[in-house]
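Novice: Submitted below is the structure of interest, expressed as structure tokens.
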Amino acid sequence: MAELAVVARRYMASYALFNQALADRLGLHPTDLQCLNLLTLEPGPVTTGRIAELTGLTTGSATRLVDRLERAGYVVRERDAGDRRVVLVAPVRERTAEVARVWERVGGGWFALFADLDDRELALFIEHMRRTTEYGAEQAARLRAGEPAPVGAGSRQGAGDREGVSGQAE
């Protein structure tokens with residue numbers, strides 16, 4: 001479990017740094033890039049309130065995020081055909097296609113990392129990603145609400161095996 005904790009922390013840091021580099025390449029803030037990513041996973045245009053739900057941001061912060069994405073040409077605001085009072089945010093397909101092309105160039109090799117796995121092993125990875133996504137979202141909500149960490153968080157490591165925030169053994 002101690003090794004899993006260390007590898008997981010390195011994995012998360014590596015992904016955050018990759019996200020930063022990709023966002024820099026596209027001229028976006030890392031949060032804006034991930035918001036755009038989440039928007040492309042939605043079945044259609046969404047409200048700014050939905051963006052706030054997806055990202056955990058306040059509605060004011062979500063509005064500013066949409067403003068930045070709109071200025072950069074990645075999203076457009078449009079009125080809902082059913083209720084003209086509602087403003088929806090939709091990704092601009094041409095711009096999200098550009099993001100996909102950059103991702104293919106720099107991240108396309110990611111799939112090759114899993115090419116030698118059988119269906120059972122892939123299912124394990126998929127389940128792991130679902131579980132950690134859900135857990136991460138729950139913990140982010142707890143942190144935003146000012147709640148303490150759950151009892152036992154991080155307690156599975158032995159005192160001698162603990163690493164600090166820097167990744168160095170304490």
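Residue numbering restarts at 1 for every chain of the structure tokens, chains are lettered A, B, ... in their displayed order, and ligands are numbered from 1 as they appear.
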What are the DSSP alpha helix (DSSP H) residues of stretch 97-136 of chain A, as an MDAnalysis selection string?
Specialist: chainID A and resid 97:107 119:136
Novice: List as a PyMOL selection string the protein and nucleic acid residues near A:Pro45, meaning an atom at most 12 Å away when only C-alpha atoms are counted, but skip any in the same chain fewer than 5 places from it.
Specialist: chain A and resi 36+38-40+50-51+75-81+86-93
Novice: Using only N, CA and C atoms, please write the residues we just selected to a file, as a compact mmCIF listing (two decimals), in the first residue's frame.
Specialist:
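The resulting selection37.txt:
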```txt
# COMPACT_ATOMS: atom_id res chain seq x y z
N LEU A 36 -12.92 22.60 -20.86
CA LEU A 36 -13.18 22.32 -22.27
C LEU A 36 -13.27 20.82 -22.50
N LEU A 38 -14.19 18.56 -20.30
CA LEU A 38 -15.47 18.11 -19.74
C LEU A 38 -16.65 18.51 -20.63
N LEU A 39 -16.58 19.71 -21.21
CA LEU A 39 -17.66 20.16 -22.10
C LEU A 39 -17.80 19.23 -23.31
N THR A 40 -16.68 18.75 -23.83
CA THR A 40 -16.75 17.86 -25.00
C THR A 40 -17.31 16.50 -24.64
N ARG A 50 -24.14 24.38 -14.91
CA ARG A 50 -23.67 23.01 -15.11
C ARG A 50 -22.14 22.98 -15.14
N ILE A 51 -21.52 23.99 -15.75
CA ILE A 51 -20.06 24.06 -15.76
C ILE A 51 -19.54 24.19 -14.33
N VAL A 75 -15.37 28.32 -27.13
CA VAL A 75 -16.79 28.12 -26.86
C VAL A 75 -17.58 29.31 -27.38
N VAL A 76 -18.88 29.10 -27.56
CA VAL A 76 -19.81 30.18 -27.87
C VAL A 76 -20.97 30.08 -26.91
N ARG A 77 -21.57 31.23 -26.65
CA ARG A 77 -22.79 31.27 -25.86
C ARG A 77 -23.96 31.36 -26.84
N GLU A 78 -25.01 30.63 -26.55
CA GLU A 78 -26.19 30.66 -27.41
C GLU A 78 -27.44 30.56 -26.54
N ARG A 79 -28.51 31.15 -27.00
CA ARG A 79 -29.79 31.09 -26.28
C ARG A 79 -30.42 29.71 -26.48
N ASP A 80 -31.03 29.22 -25.42
CA ASP A 80 -31.76 27.95 -25.50
C ASP A 80 -33.01 28.17 -26.35
N ALA A 81 -33.21 27.32 -27.33
CA ALA A 81 -34.37 27.45 -28.23
C ALA A 81 -35.68 27.31 -27.46
N VAL A 86 -32.50 31.28 -21.00
CA VAL A 86 -31.38 30.40 -20.65
C VAL A 86 -30.26 30.55 -21.69
N VAL A 87 -29.05 30.77 -21.19
CA VAL A 87 -27.88 30.86 -22.05
C VAL A 87 -27.09 29.56 -21.91
N LEU A 88 -26.79 28.97 -23.06
CA LEU A 88 -26.03 27.72 -23.09
C LEU A 88 -24.63 27.98 -23.61
N VAL A 89 -23.71 27.16 -23.18
CA VAL A 89 -22.32 27.25 -23.62
C VAL A 89 -22.02 26.00 -24.45
N ALA A 90 -21.52 26.22 -25.66
CA ALA A 90 -21.23 25.11 -26.56
C ALA A 90 -19.79 25.20 -27.05
N PRO A 91 -19.08 24.06 -27.07
CA PRO A 91 -17.72 24.07 -27.63
C PRO A 91 -17.77 24.36 -29.13
N VAL A 92 -16.75 25.03 -29.63
CA VAL A 92 -16.61 25.29 -31.05
C VAL A 92 -15.88 24.09 -31.64
N ARG A 93 -16.55 23.33 -32.48
CA ARG A 93 -16.00 22.06 -32.99
C ARG A 93 -14.63 22.21 -33.64
```
Novice: When you look at A:Phe18 with a cut-off of 12 Å (counting only C-alpha atoms), what residues show up, excluding the ones that are within fewer than 3 positions of it in the same chain? I need them as a ChimeraX atom specification.
Specialist: /A:11-15,21-25,30,33-34,103,106-107
Novice: Enter the distance from atom CA of A:Ala100 to atom CA of A:Gln20, in Å, rounded to one decimal.
Specialist: 15.8 Å
